[in-house]
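J.: Next comes target-v8.cif, mmCIF, C-alpha atoms and all ligand atoms:
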data_protein
loop_
_atom_site.label_atom_id
_atom_site.label_comp_id
_atom_site.auth_asym_id
_atom_site.auth_seq_id
_atom_site.Cartn_x
_atom_site.Cartn_y
_atom_site.Cartn_z
CA MET A 1 90.58 -14.64 -56.17
CA TYR A 2 88.94 -11.35 -55.43
CA ARG A 3 86.85 -9.75 -58.12
CA ALA A 4 85.48 -6.23 -58.52
CA PRO A 5 82.20 -5.95 -56.57
CA ARG A 6 79.09 -6.83 -58.57
CA GLY A 7 77.86 -3.88 -60.61
CA THR A 8 81.24 -2.10 -60.63
CA GLN A 9 83.82 -1.89 -63.38
CA ASP A 10 87.56 -1.39 -63.59
CA ILE A 11 88.44 1.28 -66.11
CA LEU A 12 91.48 -0.35 -67.67
CA PRO A 13 94.22 1.59 -69.51
CA GLN A 14 92.73 0.66 -72.90
CA GLU A 15 89.37 2.15 -71.80
CA GLN A 16 90.89 5.37 -70.51
CA PRO A 17 90.97 7.22 -73.88
CA TYR A 18 87.13 7.14 -73.97
CA TRP A 19 86.88 8.48 -70.44
CA ARG A 20 89.48 11.20 -70.81
CA TYR A 21 87.97 12.26 -74.14
CA ILE A 22 84.46 12.53 -72.73
CA GLU A 23 85.72 14.39 -69.68
CA ALA A 24 87.70 16.79 -71.87
CA ARG A 25 84.58 17.47 -73.98
CA ALA A 26 82.55 18.08 -70.82
CA LYS A 27 85.15 20.51 -69.53
CA ALA A 28 85.32 22.37 -72.85
CA LEU A 29 81.52 22.59 -72.94
CA CYS A 30 81.42 24.06 -69.45
CA GLN A 31 84.05 26.64 -70.34
CA LEU A 32 81.93 27.60 -73.31
CA TYR A 33 78.92 28.27 -71.08
CA GLY A 34 80.76 29.64 -68.05
CA TYR A 35 80.31 26.73 -65.60
CA GLU A 36 83.02 26.24 -62.96
CA ARG A 37 84.26 22.91 -61.63
CA ILE A 38 83.21 21.72 -58.19
CA ASP A 39 84.29 18.55 -56.38
CA THR A 40 82.46 17.34 -53.31
CA PRO A 41 83.14 14.41 -50.95
CA ILE A 42 82.17 10.93 -52.10
CA PHE A 43 80.07 10.52 -48.95
CA GLU A 44 77.77 12.90 -47.11
CA GLU A 45 75.47 12.75 -44.11
CA ALA A 46 72.64 10.39 -45.05
CA GLY A 47 70.07 13.02 -44.09
CA LEU A 48 71.15 15.31 -46.94
CA PHE A 49 69.97 12.76 -49.50
CA VAL A 50 66.89 11.53 -47.65
CA ARG A 51 65.75 15.13 -47.26
CA SER A 52 66.34 16.15 -50.85
CA ILE A 53 65.63 13.04 -52.95
CA GLY A 54 62.59 12.17 -50.82
CA SER A 55 61.92 9.26 -48.45
CA GLY A 56 59.38 7.54 -50.72
CA THR A 57 61.66 7.33 -53.76
CA ASP A 58 63.34 4.18 -55.10
CA ILE A 59 66.77 5.72 -54.54
CA VAL A 60 66.20 6.37 -50.83
CA GLU A 61 64.12 3.26 -50.19
CA LYS A 62 66.19 0.70 -52.03
CA GLU A 63 69.36 2.01 -53.58
CA MET A 64 71.48 4.06 -51.19
CA TYR A 65 74.74 2.78 -49.76
CA THR A 66 74.22 4.00 -46.20
CA PHE A 67 76.46 2.99 -43.31
CA PRO A 68 77.24 4.13 -39.77
CA ASP A 69 80.79 5.46 -39.52
CA ARG A 70 82.91 4.61 -36.50
CA SER A 71 81.34 7.32 -34.39
CA GLY A 72 77.85 6.11 -35.30
CA ASP A 73 76.95 8.92 -37.72
CA SER A 74 74.93 7.75 -40.68
CA MET A 75 76.76 8.36 -43.97
CA THR A 76 75.73 7.72 -47.58
CA LEU A 77 77.85 7.25 -50.69
CA ARG A 78 76.70 9.94 -53.13
CA PRO A 79 73.63 8.55 -55.00
CA GLU A 80 73.21 11.74 -57.11
CA GLY A 81 75.04 14.99 -57.67
CA THR A 82 72.57 17.83 -57.11
CA ALA A 83 72.03 17.71 -53.34
CA PRO A 84 75.77 17.96 -52.53
CA VAL A 85 76.09 21.00 -54.81
CA CYS A 86 73.15 22.67 -53.04
CA ARG A 87 74.81 21.90 -49.70
CA VAL A 88 78.00 23.56 -50.98
CA TYR A 89 75.99 26.61 -52.11
CA LEU A 90 74.63 27.02 -48.58
CA GLU A 91 77.74 26.05 -46.64
CA HIS A 92 79.99 28.42 -48.59
CA GLY A 93 77.58 31.33 -48.70
CA MET A 94 77.36 31.31 -52.49
CA GLY A 95 74.06 33.18 -52.24
CA SER A 96 76.08 36.37 -51.86
CA ARG A 97 77.89 35.85 -55.17
CA PRO A 98 76.50 37.18 -58.45
CA GLN A 99 73.59 34.88 -59.34
CA PRO A 100 73.19 32.43 -60.90
CA VAL A 101 76.16 30.40 -59.67
CA ARG A 102 77.05 27.97 -62.45
CA LEU A 103 78.87 24.79 -61.44
CA TYR A 104 79.75 21.42 -62.94
CA TYR A 105 81.09 18.10 -61.69
CA VAL A 106 82.27 14.75 -62.95
CA SER A 107 81.96 12.21 -60.18
CA PRO A 108 81.19 8.64 -59.19
CA ILE A 109 77.61 7.86 -58.16
CA PHE A 110 76.55 4.86 -56.09
CA ARG A 111 73.19 3.12 -56.35
CA TYR A 112 72.34 -0.42 -55.30
CA ASP A 113 70.67 -1.09 -58.65
CA ARG A 114 70.13 -4.40 -60.45
CA PRO A 115 73.25 -4.58 -62.61
CA GLN A 116 72.85 -5.00 -66.36
CA LYS A 117 74.35 -3.47 -69.49
CA GLY A 118 74.53 0.28 -68.92
CA ARG A 119 73.32 -0.03 -65.33
CA TYR A 120 75.89 -0.30 -62.57
CA ARG A 121 76.18 0.06 -58.81
CA GLN A 122 78.98 2.55 -59.26
CA HIS A 123 78.62 4.78 -62.28
CA HIS A 124 79.84 8.26 -63.16
CA GLN A 125 77.94 11.40 -63.99
CA PHE A 126 78.85 14.65 -65.64
CA GLY A 127 76.44 17.20 -64.23
CA VAL A 128 75.83 20.95 -64.32
CA GLU A 129 73.84 23.09 -61.91
CA ALA A 130 72.79 26.75 -62.20
CA LEU A 131 71.72 28.07 -58.81
CA GLY A 132 69.96 31.25 -57.76
CA GLU A 133 67.93 32.20 -60.83
CA ALA A 134 64.40 31.18 -61.88
CA ASP A 135 64.48 32.48 -65.46
CA PRO A 136 63.41 29.77 -67.97
CA LEU A 137 66.29 30.99 -70.13
CA LEU A 138 68.48 28.94 -67.79
CA ASP A 139 66.35 25.82 -68.24
CA ALA A 140 66.92 26.27 -71.97
CA GLU A 141 70.64 26.82 -71.36
CA VAL A 142 71.13 23.52 -69.50
CA MET A 143 68.96 21.67 -72.02
CA GLU A 144 71.08 23.07 -74.81
CA MET A 145 74.22 21.98 -72.93
CA ALA A 146 72.82 18.45 -72.63
CA TRP A 147 72.02 18.44 -76.34
CA ARG A 148 75.41 19.88 -77.32
CA PHE A 149 77.31 17.48 -75.05
CA PHE A 150 75.96 14.45 -76.88
CA THR A 151 75.96 15.91 -80.39
CA ASP A 152 79.57 17.13 -79.98
CA LEU A 153 80.50 13.56 -79.08
CA GLY A 154 78.96 12.49 -82.37
CA ILE A 155 75.96 10.88 -80.64
CA SER A 156 72.99 12.24 -82.54
CA ASP A 157 70.40 9.49 -82.49
CA PHE A 158 68.51 10.68 -79.42
CA SER A 159 65.45 12.69 -78.44
CA ILE A 160 65.01 15.22 -75.69
CA LEU A 161 61.78 14.55 -73.82
CA LEU A 162 60.24 17.44 -71.90
CA ASN A 163 57.48 17.91 -69.37
CA SER A 164 56.45 20.32 -66.63
CA ILE A 165 55.35 18.83 -63.32
CA GLY A 166 54.29 22.12 -61.71
CA CYS A 167 55.08 23.54 -58.31
CA PRO A 168 53.79 23.22 -54.71
CA GLN A 169 50.93 25.59 -55.63
CA CYS A 170 49.47 23.61 -58.49
CA ARG A 171 50.79 20.08 -57.99
CA PRO A 172 48.62 18.96 -55.03
CA ALA A 173 45.38 19.47 -56.98
CA TYR A 174 46.89 17.65 -59.95
CA LEU A 175 48.03 14.76 -57.75
CA GLU A 176 44.47 14.40 -56.43
CA LYS A 177 43.21 14.06 -60.00
CA LEU A 178 45.92 11.53 -60.72
CA LYS A 179 45.06 9.52 -57.61
CA ASP A 180 41.36 9.55 -58.55
CA TYR A 181 42.20 8.30 -62.00
CA TYR A 182 44.48 5.49 -60.85
CA SER A 183 42.32 4.50 -57.84
CA ARG A 184 39.59 3.52 -60.25
CA LEU A 185 42.12 1.28 -62.03
CA ALA A 186 43.71 -0.10 -58.84
CA PRO A 187 42.96 -3.79 -59.52
CA ARG A 188 44.94 -3.54 -62.77
CA LEU A 189 48.01 -1.90 -61.21
CA CYS A 190 51.24 -3.73 -60.39
CA PRO A 191 51.92 -4.23 -56.65
CA ASP A 192 54.57 -1.46 -56.65
CA CYS A 193 52.13 1.03 -58.15
CA ARG A 194 49.35 0.09 -55.75
CA ARG A 195 51.76 0.94 -52.96
CA ARG A 196 52.95 4.14 -54.66
CA LEU A 197 49.39 5.32 -55.23
CA GLU A 198 49.29 7.03 -51.83
CA GLN A 199 52.98 7.82 -51.33
CA ASN A 200 54.21 8.93 -54.73
CA PRO A 201 51.42 8.90 -57.34
CA LEU A 202 53.54 10.75 -59.94
CA ARG A 203 55.71 7.65 -60.33
CA LEU A 204 52.74 5.64 -61.60
CA LEU A 205 53.06 7.55 -64.83
CA ASP A 206 56.49 6.16 -65.67
CA CYS A 207 55.96 2.57 -64.47
CA LYS A 208 57.38 0.23 -67.11
CA GLN A 209 55.35 -2.86 -66.09
CA ALA A 210 53.30 -4.26 -68.96
CA SER A 211 50.10 -4.07 -66.88
CA CYS A 212 50.58 -0.38 -66.00
CA LEU A 213 52.03 0.91 -69.25
CA PRO A 214 48.78 1.30 -71.21
CA LEU A 215 47.02 2.97 -68.27
CA GLY A 216 49.27 6.03 -68.32
CA GLU A 217 48.15 7.13 -71.77
CA ASP A 218 44.76 8.48 -70.63
CA ALA A 219 45.95 9.72 -67.22
CA PRO A 220 45.51 13.42 -66.41
CA ARG A 221 48.47 15.41 -67.73
CA SER A 222 50.46 17.65 -65.38
CA ALA A 223 51.19 20.22 -68.10
CA GLU A 224 47.42 20.74 -68.47
CA HIS A 225 46.99 21.42 -64.73
CA LEU A 226 49.64 24.07 -64.13
CA CYS A 227 49.08 27.35 -62.25
CA SER A 228 49.46 30.52 -64.30
CA GLU A 229 53.12 31.07 -63.22
CA CYS A 230 54.11 27.51 -64.16
CA THR A 231 52.18 27.78 -67.44
CA SER A 232 54.00 30.95 -68.34
CA HIS A 233 57.38 29.45 -67.32
CA PHE A 234 56.72 26.43 -69.52
CA GLN A 235 55.60 28.57 -72.46
CA ARG A 236 58.64 30.81 -72.20
CA LEU A 237 60.96 27.80 -71.96
CA ARG A 238 59.42 26.35 -75.09
CA SER A 239 59.79 29.61 -76.97
CA TYR A 240 63.49 29.76 -75.98
CA LEU A 241 63.95 26.18 -77.17
CA ASP A 242 62.27 27.04 -80.46
CA ALA A 243 64.43 30.15 -80.83
CA LEU A 244 67.56 28.02 -80.25
CA GLY A 245 66.30 25.45 -82.74
CA LEU A 246 66.57 22.76 -80.07
CA PRO A 247 64.47 19.72 -80.96
CA TYR A 248 62.38 18.21 -78.16
CA ARG A 249 59.28 16.11 -77.67
CA LEU A 250 56.64 16.68 -75.04
CA ASP A 251 56.13 13.58 -72.90
CA HIS A 252 53.37 13.83 -70.33
CA ARG A 253 54.60 10.66 -68.61
CA LEU A 254 58.05 11.99 -67.87
CA VAL A 255 58.27 12.70 -64.12
CA ARG A 256 61.84 11.66 -63.04
CA GLY A 257 62.56 9.67 -59.93
CA LEU A 258 63.51 12.35 -57.42
CA ASP A 259 61.07 14.38 -55.31
CA TYR A 260 62.88 17.71 -55.56
CA TYR A 261 61.93 18.55 -59.14
CA THR A 262 59.59 21.45 -59.85
CA ARG A 263 58.29 22.67 -63.20
CA THR A 264 60.76 21.60 -65.90
CA VAL A 265 61.85 17.96 -66.21
CA PHE A 266 63.64 16.54 -69.23
CA GLU A 267 65.47 13.44 -70.33
CA VAL A 268 67.82 12.53 -73.15
CA GLN A 269 66.64 9.19 -74.58
CA PRO A 270 68.45 7.22 -77.27
CA SER A 271 66.10 6.56 -80.18
CA GLU A 272 66.83 2.88 -80.59
CA GLU A 273 66.87 1.40 -77.11
CA GLY A 274 64.34 0.91 -74.33
CA ALA A 275 63.28 3.38 -71.69
CA GLN A 276 65.82 1.99 -69.18
CA SER A 277 68.67 3.56 -71.02
CA ALA A 278 68.40 7.34 -70.64
CA LEU A 279 71.65 9.04 -71.58
CA GLY A 280 70.96 11.95 -69.28
CA GLY A 281 68.29 13.86 -67.45
CA GLY A 282 67.60 16.93 -65.43
CA GLY A 283 65.21 19.64 -64.47
CA ARG A 284 64.39 22.50 -62.16
CA TYR A 285 64.43 22.19 -58.37
CA ASP A 286 63.24 25.54 -57.03
CA GLY A 287 62.38 24.22 -53.55
CA LEU A 288 65.50 22.19 -52.82
CA ILE A 289 67.81 24.78 -51.27
CA GLN A 290 65.03 25.97 -48.97
CA GLU A 291 64.32 22.33 -48.04
CA LEU A 292 67.97 22.10 -46.98
CA GLY A 293 67.61 25.11 -44.69
CA GLY A 294 68.42 28.02 -47.00
CA ARG A 295 66.37 30.93 -48.26
CA PRO A 296 64.07 30.17 -51.20
CA THR A 297 66.58 29.77 -54.05
CA PRO A 298 65.76 28.37 -57.47
CA GLY A 299 68.01 25.97 -59.36
CA VAL A 300 68.16 23.94 -62.54
CA GLY A 301 70.58 21.31 -63.83
CA PHE A 302 71.19 18.08 -65.68
CA ALA A 303 73.42 15.03 -65.44
CA ALA A 304 74.66 12.61 -68.07
CA GLY A 305 75.87 9.06 -67.45
CA ILE A 306 79.45 8.64 -68.63
CA GLU A 307 79.32 4.83 -68.93
CA ARG A 308 76.35 5.21 -71.27
CA ALA A 309 78.20 7.79 -73.35
CA VAL A 310 81.17 5.39 -73.59
CA LEU A 311 78.85 2.57 -74.69
CA ALA A 312 77.28 4.86 -77.31
CA LEU A 313 80.69 5.90 -78.68
CA LYS A 314 81.74 2.25 -78.94
CA HIS A 315 78.45 1.28 -80.53
CA LEU A 316 78.96 3.99 -83.16
CA GLY A 317 82.61 2.98 -83.66
CA THR A 318 83.66 6.58 -83.01
CA PRO A 319 87.45 6.85 -82.82
CA VAL A 320 88.76 8.72 -79.78
CA PRO A 321 92.18 10.36 -79.57
CA PRO A 322 94.85 8.09 -78.03
CA LEU A 323 96.42 9.19 -74.78
CA PRO A 324 100.04 10.36 -74.96
CA ARG A 325 102.61 7.73 -74.00
CA PRO A 326 106.34 7.33 -74.59
CA GLN A 327 107.40 6.73 -78.20
CA VAL A 328 111.00 6.12 -77.23
CA CYS A 329 112.40 3.05 -75.55
CA LEU A 330 115.86 2.83 -74.06
CA ALA A 331 117.59 -0.54 -74.46
CA TYR A 332 120.98 -1.21 -72.91
CA LEU A 333 123.63 -3.74 -72.08
CA GLY A 334 125.79 -3.77 -68.97
CA ASP A 335 124.96 -2.63 -65.45
CA GLY A 336 122.44 0.00 -66.59
CA LEU A 337 123.88 2.87 -64.55
CA GLU A 338 124.62 5.02 -67.58
CA ALA A 339 121.28 4.05 -69.15
CA ALA A 340 119.38 5.08 -66.02
CA ARG A 341 121.26 8.38 -66.00
CA LEU A 342 120.44 8.99 -69.67
CA ALA A 343 116.72 8.16 -69.21
CA SER A 344 116.58 10.49 -66.24
CA ALA A 345 118.28 13.33 -68.16
CA LEU A 346 115.87 12.95 -71.10
CA ARG A 347 112.81 13.02 -68.81
CA GLN A 348 114.27 16.08 -67.10
CA LYS A 349 114.05 17.72 -70.53
CA GLY A 350 110.43 16.59 -70.89
CA ILE A 351 111.08 13.73 -73.31
CA PRO A 352 109.02 10.65 -72.34
CA VAL A 353 111.17 7.49 -72.26
CA LEU A 354 110.29 3.92 -71.44
CA MET A 355 113.19 2.10 -69.86
CA ALA A 356 113.82 -1.54 -70.79
CA THR A 357 114.41 -3.46 -67.58
CA GLY A 358 115.82 -6.83 -66.58
CA SER A 359 118.88 -8.44 -68.01
CA ARG A 360 117.57 -9.34 -71.43
CA SER A 361 119.49 -9.63 -74.66
CA LEU A 362 119.43 -6.60 -76.91
CA ARG A 363 117.36 -8.57 -79.36
CA ALA A 364 114.73 -9.35 -76.70
CA GLN A 365 114.65 -5.70 -75.68
CA LEU A 366 114.08 -4.62 -79.28
CA ARG A 367 111.31 -7.18 -79.65
CA GLN A 368 109.66 -5.81 -76.55
CA ALA A 369 109.97 -2.21 -77.81
CA SER A 370 108.34 -3.24 -81.04
CA ALA A 371 105.54 -5.14 -79.24
CA LEU A 372 104.84 -1.99 -77.22
CA GLY A 373 104.56 0.02 -80.44
CA MET A 374 107.57 2.25 -79.78
CA SER A 375 108.59 4.50 -82.67
CA TYR A 376 112.26 4.69 -81.66
CA THR A 377 114.68 2.75 -79.53
CA ILE A 378 117.88 4.21 -78.13
CA ILE A 379 120.51 1.52 -77.83
CA LEU A 380 123.27 1.93 -75.31
CA GLY A 381 125.60 -1.04 -75.66
CA GLU A 382 129.16 -1.56 -74.41
CA LYS A 383 130.70 -0.18 -77.61
CA GLU A 384 128.53 2.95 -77.42
CA LEU A 385 129.36 3.40 -73.75
CA ALA A 386 133.05 3.34 -74.55
CA SER A 387 132.68 5.90 -77.37
CA GLN A 388 130.10 8.07 -75.56
CA THR A 389 127.57 7.56 -78.36
CA VAL A 390 124.16 5.90 -78.70
CA VAL A 391 122.41 4.18 -81.57
CA LEU A 392 118.99 5.54 -82.48
CA ARG A 393 116.82 2.95 -84.18
CA ASP A 394 113.72 3.83 -86.18
CA MET A 395 111.46 0.88 -85.36
CA ALA A 396 109.15 1.17 -88.37
CA GLN A 397 111.90 1.63 -90.96
CA GLY A 398 114.34 -0.74 -89.29
CA THR A 399 117.12 1.83 -89.88
CA GLN A 400 119.56 3.11 -87.30
CA ARG A 401 122.29 5.75 -86.89
CA GLU A 402 124.93 6.60 -84.36
CA ILE A 403 124.62 9.86 -82.44
CA PRO A 404 126.93 11.42 -79.83
CA LEU A 405 125.47 10.92 -76.35
CA ALA A 406 125.45 14.67 -75.81
CA ASP A 407 123.23 15.23 -78.87
CA ILE A 408 120.51 12.60 -78.30
CA ALA A 409 118.03 14.95 -76.59
CA THR A 410 118.23 17.43 -79.47
CA ALA A 411 117.93 14.62 -82.00
CA LEU A 412 114.81 13.21 -80.31
CA ALA A 413 113.25 16.62 -79.90
CA SER A 414 113.60 17.25 -83.63
CA LEU A 415 111.78 14.01 -84.56
P1 LIG B 1 69.36 10.12 -63.00
O1 LIG B 1 69.72 11.13 -61.99
O2 LIG B 1 68.91 8.83 -62.43
O3 LIG B 1 68.46 10.61 -64.08
O4 LIG B 1 70.74 9.78 -63.73
C1 LIG B 1 71.32 10.62 -64.68
C2 LIG B 1 72.00 9.78 -65.72
O5 LIG B 1 72.97 8.94 -65.12
C3 LIG B 1 71.07 8.80 -66.42
O6 LIG B 1 70.42 9.41 -67.49
C4 LIG B 1 72.01 7.73 -66.88
O7 LIG B 1 72.69 8.13 -68.06
C5 LIG B 1 73.02 7.69 -65.77
N1 LIG B 1 72.70 6.62 -64.80
C6 LIG B 1 71.78 6.63 -63.82
N2 LIG B 1 71.78 5.49 -63.11
C7 LIG B 1 72.75 4.72 -63.66
C8 LIG B 1 73.28 3.42 -63.37
N3 LIG B 1 72.82 2.68 -62.36
N4 LIG B 1 74.30 2.95 -64.14
C9 LIG B 1 74.80 3.69 -65.15
N5 LIG B 1 74.34 4.92 -65.46
C10 LIG B 1 73.34 5.44 -64.74
#
Let me see the structure of the file written as structure tokens.
T.:
Amino acid sequence: MYRAPRGTQDILPQEQPYWRYIEARAKALCQLYGYERIDTPIFEEAGLFVRSIGSGTDIVEKEMYTFPDRSGDSMTLRPEGTAPVCRVYLEHGMGSRPQPVRLYYVSPIFRYDRPQKGRYRQHHQFGVEALGEADPLLDAEVMEMAWRFFTDLGISDFSILLNSIGCPQCRPAYLEKLKDYYSRLAPRLCPDCRRRLEQNPLRLLDCKQASCLPLGEDAPRSAEHLCSECTSHFQRLRSYLDALGLPYRLDHRLVRGLDYYTRTVFEVQPSEEGAQSALGGGGRYDGLIQELGGRPTPGVGFAAGIERAVLALKHLGTPVPPLPRPQVCLAYLGDGLEAARLASALRQKGIPVLMATGSRSLRAQLRQASALGMSYTIILGEKELASQTVVLRDMAQGTQREIPLADIATALASL
């Protein structure tokens, strides 16, 4: 027996209402803020991700699904959503459109992670990106969207954590300070952090190992080592957030796991669970489009994990609207030709009908209709066929009436 690959999930029909509901809320949110839908391929040239996420990151080092295609080109299943959108911006000349270009996506993401609850090898993200504008008003806009997305879903028990990690002007000096600080503590660091100390010292700040955790508290703080432009950006962002009444908490250890971030980084963390379970995250990436070969072009965005939103809705017991499905079943006796014609004619008029199939007794067909939760069953037996009528049975009431065949569509439409 084959099973779904480890770390992947089938989204069964009974799960679909959660997914469609969340997607509909995401779409409505994006319409509210003027973000347009974009869909990109599930795989891209591996180089796009290595270049943007950064070669020393966990995603590139350990988590990407990279494979040679049949002509030997190296391809990667999308491990995050921002780099493809930046590629689209460049490839389709979106720099000549009115800026910023506001886009959103809902797409599968692939990471060879250690599977556990809320952590999968294929998951889905709803993400937004605003490209071509450096104004901190936009950072506030995407943070507000992240906040509104979860609160509109009825998920309110979360905090928004915020930090600024500076820019290529001020970050190198800060990283030196950070390296100095951690070098002195090297014997107490976990093996991963000892290795990261040279390659990616920022990541030491968010190491979750028990030995490293207490060391981060007294580490130099990026927000205290910003250049004047980054300081002013951060201050203006915070004043926008205050003006919007958006609650957030400063967290000097928040750095995010991708190299392309500049200045603003933020994360949506549920209040009750551990740090592994961020609901969403994002930030500014002012150097990324240039890194991919374009002119210097700022950008800011966020992405939310849909599986985690589904888990949160279930945990809260939030009801989601059911998906539409037929309420009318058609049961019949005989060869079924007339029944098939009737079902087809009703569907032609836009009335959803579920056809009973197989040569079952009428009683068995009615039992099946009731098990499927049908509100009505149309019965087309031999007597009805002869008189060109049908019987319409109300399944809840157990009542039924005879209707001329020609009038059944009108009768159903009026119910
Ligand atoms: P990231 O780009 O890693 O910050 O991911 C954005 C959001 O996607 C996270 O905040 C999570 O909600 C979700 N996410 C990331 N990785 C996974 C995963 N392996 N399984 C499920 N959800 C994930």
J.: Between atom CA of His92 of chain A and atom C6 of ligand LIG 1 (chain B), what distance in Å does the model show, to one decimal?
T.: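 Interatomic distance, atom CA of His92 of chain A to atom C6 of ligand LIG 1 (chain B): 27.8 Å.
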J.: Which one is closest to ligand LIG 1 (chain B): A:Tyr33, A:Tyr21, A:Tyr260, A:Tyr112? Count all atoms listed in the file.
T.: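 Ranked by minimum distance to ligand LIG 1 (chain B), first place goes to A:Tyr112.
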J.: Contacts of segment 349-365 of chain A at 8 Å or less, counting all atoms listed in the file, minus same-chain residues fewer than 3 places along, as a list of chain:residue names?
T.: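 In the requested form, the answer reads A:Arg325, A:Pro326, A:Gln327, A:Val328, A:Cys329, A:Leu330, A:Ala331, A:Tyr332, A:Leu333, A:Ala340, A:Ala343, A:Ala345, A:Leu346, A:Gln368, A:Ala369, A:Ala409, A:Leu412, A:Ala413.
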J.: Would you mind exporting C-alpha atoms of the selected residues as a PDB file, keeping the file's coordinate frame?
T.:
ATOM      1  CA  ARG A 325     102.610   7.730 -74.000  1.00  0.00           C
ATOM      2  CA  PRO A 326     106.340   7.330 -74.590  1.00  0.00           C
ATOM      3  CA  GLN A 327     107.400   6.730 -78.200  1.00  0.00           C
ATOM      4  CA  VAL A 328     111.000   6.120 -77.230  1.00  0.00           C
ATOM      5  CA  CYS A 329     112.400   3.050 -75.550  1.00  0.00           C
ATOM      6  CA  LEU A 330     115.860   2.830 -74.060  1.00  0.00           C
ATOM      7  CA  ALA A 331     117.590  -0.540 -74.460  1.00  0.00           C
ATOM      8  CA  TYR A 332     120.980  -1.210 -72.910  1.00  0.00           C
ATOM      9  CA  LEU A 333     123.630  -3.740 -72.080  1.00  0.00           C
ATOM     10  CA  ALA A 340     119.380   5.080 -66.020  1.00  0.00           C
ATOM     11  CA  ALA A 343     116.720   8.160 -69.210  1.00  0.00           C
ATOM     12  CA  ALA A 345     118.280  13.330 -68.160  1.00  0.00           C
ATOM     13  CA  LEU A 346     115.870  12.950 -71.100  1.00  0.00           C
ATOM     14  CA  GLN A 368     109.660  -5.810 -76.550  1.00  0.00           C
ATOM     15  CA  ALA A 369     109.970  -2.210 -77.810  1.00  0.00           C
ATOM     16  CA  ALA A 409     118.030  14.950 -76.590  1.00  0.00           C
ATOM     17  CA  LEU A 412     114.810  13.210 -80.310  1.00  0.00           C
ATOM     18  CA  ALA A 413     113.250  16.620 -79.900  1.00  0.00           C
TER      19      ALA A 413
END
J.: Using all atoms listed in the file, find each protein or nucleic acid residue lying at most 9 Å from ligand LIG 1 (chain B); present the set as a ChimeraX atom specification.
T.: /A:7,59,79-82,109-127,256-258,267-269,276-282,302-309
J.: With distances taken over all atoms listed in the file, which of A:Tyr285, A:Met64, A:Ala130, A:Phe149 is nearest to Pro100 of chain A?
T.: A:Ala130
J.: Check the smallest atom-to-atom distance from each of A:Asp192, A:Glu176, A:Glu133, A:Glu382 to Val101 of chain A using only C-alpha atoms, then report the winner.
T.: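 Once distances to Val101 of chain A are computed over only C-alpha atoms, the minimum belongs to A:Glu133.
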J.: Contacts between segment 154-163 of chain A and segment 54-148 of chain A, please, where a residue of segment 54-148 of chain A counts if it comes within 10 Å (with only C-alpha atoms); show its shortest atom pair and distance in Å to one decimal, rows by chain and ascending number, as CSV.
T.:
residue,atom,partner,partner_atom,distance
A:Met143,CA,A:Ile160,CA,8.4
A:Glu144,CA,A:Ile160,CA,10.0
A:Ala146,CA,A:Ile160,CA,9.0
A:Trp147,CA,A:Ile160,CA,7.7
A:Arg148,CA,A:Ser156,CA,9.6
J.: In Å, rounded to a single decimal, give me how far atom CA of Ala83 of chain A is from atom CA of Leu197 of chain A.
T.: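 These atoms are spaced 25.9 Å apart.
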J.: Please indicate the distance in Å from atom CA of Leu342 of chain A to atom CA of Leu405 of chain A, rounded to one decimal place.
T.: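 According to the coordinates, atom CA of Leu342 of chain A and atom CA of Leu405 of chain A are separated by 8.6 Å.
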J.: Which one of A:Glu36, A:Asp152, A:Glu338, A:Asp135 sits closest to Arg263 of chain A if you count all atoms listed in the file?
T.: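 Comparing A:Glu36, A:Asp152, A:Glu338, A:Asp135 against Arg263 of chain A, the winner is A:Asp135.
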J.: Excluding Thr40 of chain A and its own-chain neighbours fewer than 6 positions away, which residues fall within 12 Å of it when counting all atoms listed in the file? Please give them as a ChimeraX atom specification.
T.: /A:77-78,80-89,91,103-109
J.: Just the selected residues (C-alpha atoms), exported as a PDB file, keeping the file's coordinate frame, please.
T.:
ATOM      1  CA  LEU A  77      77.850   7.250 -50.690  1.00  0.00           C
ATOM      2  CA  ARG A  78      76.700   9.940 -53.130  1.00  0.00           C
ATOM      3  CA  GLU A  80      73.210  11.740 -57.110  1.00  0.00           C
ATOM      4  CA  GLY A  81      75.040  14.990 -57.670  1.00  0.00           C
ATOM      5  CA  THR A  82      72.570  17.830 -57.110  1.00  0.00           C
ATOM      6  CA  ALA A  83      72.030  17.710 -53.340  1.00  0.00           C
ATOM      7  CA  PRO A  84      75.770  17.960 -52.530  1.00  0.00           C
ATOM      8  CA  VAL A  85      76.090  21.000 -54.810  1.00  0.00           C
ATOM      9  CA  CYS A  86      73.150  22.670 -53.040  1.00  0.00           C
ATOM     10  CA  ARG A  87      74.810  21.900 -49.700  1.00  0.00           C
ATOM     11  CA  VAL A  88      78.000  23.560 -50.980  1.00  0.00           C
ATOM     12  CA  TYR A  89      75.990  26.610 -52.110  1.00  0.00           C
ATOM     13  CA  GLU A  91      77.740  26.050 -46.640  1.00  0.00           C
ATOM     14  CA  LEU A 103      78.870  24.790 -61.440  1.00  0.00           C
ATOM     15  CA  TYR A 104      79.750  21.420 -62.940  1.00  0.00           C
ATOM     16  CA  TYR A 105      81.090  18.100 -61.690  1.00  0.00           C
ATOM     17  CA  VAL A 106      82.270  14.750 -62.950  1.00  0.00           C
ATOM     18  CA  SER A 107      81.960  12.210 -60.180  1.00  0.00           C
ATOM     19  CA  PRO A 108      81.190   8.640 -59.190  1.00  0.00           C
ATOM     20  CA  ILE A 109      77.610   7.860 -58.160  1.00  0.00           C
TER      21      ILE A 109
END
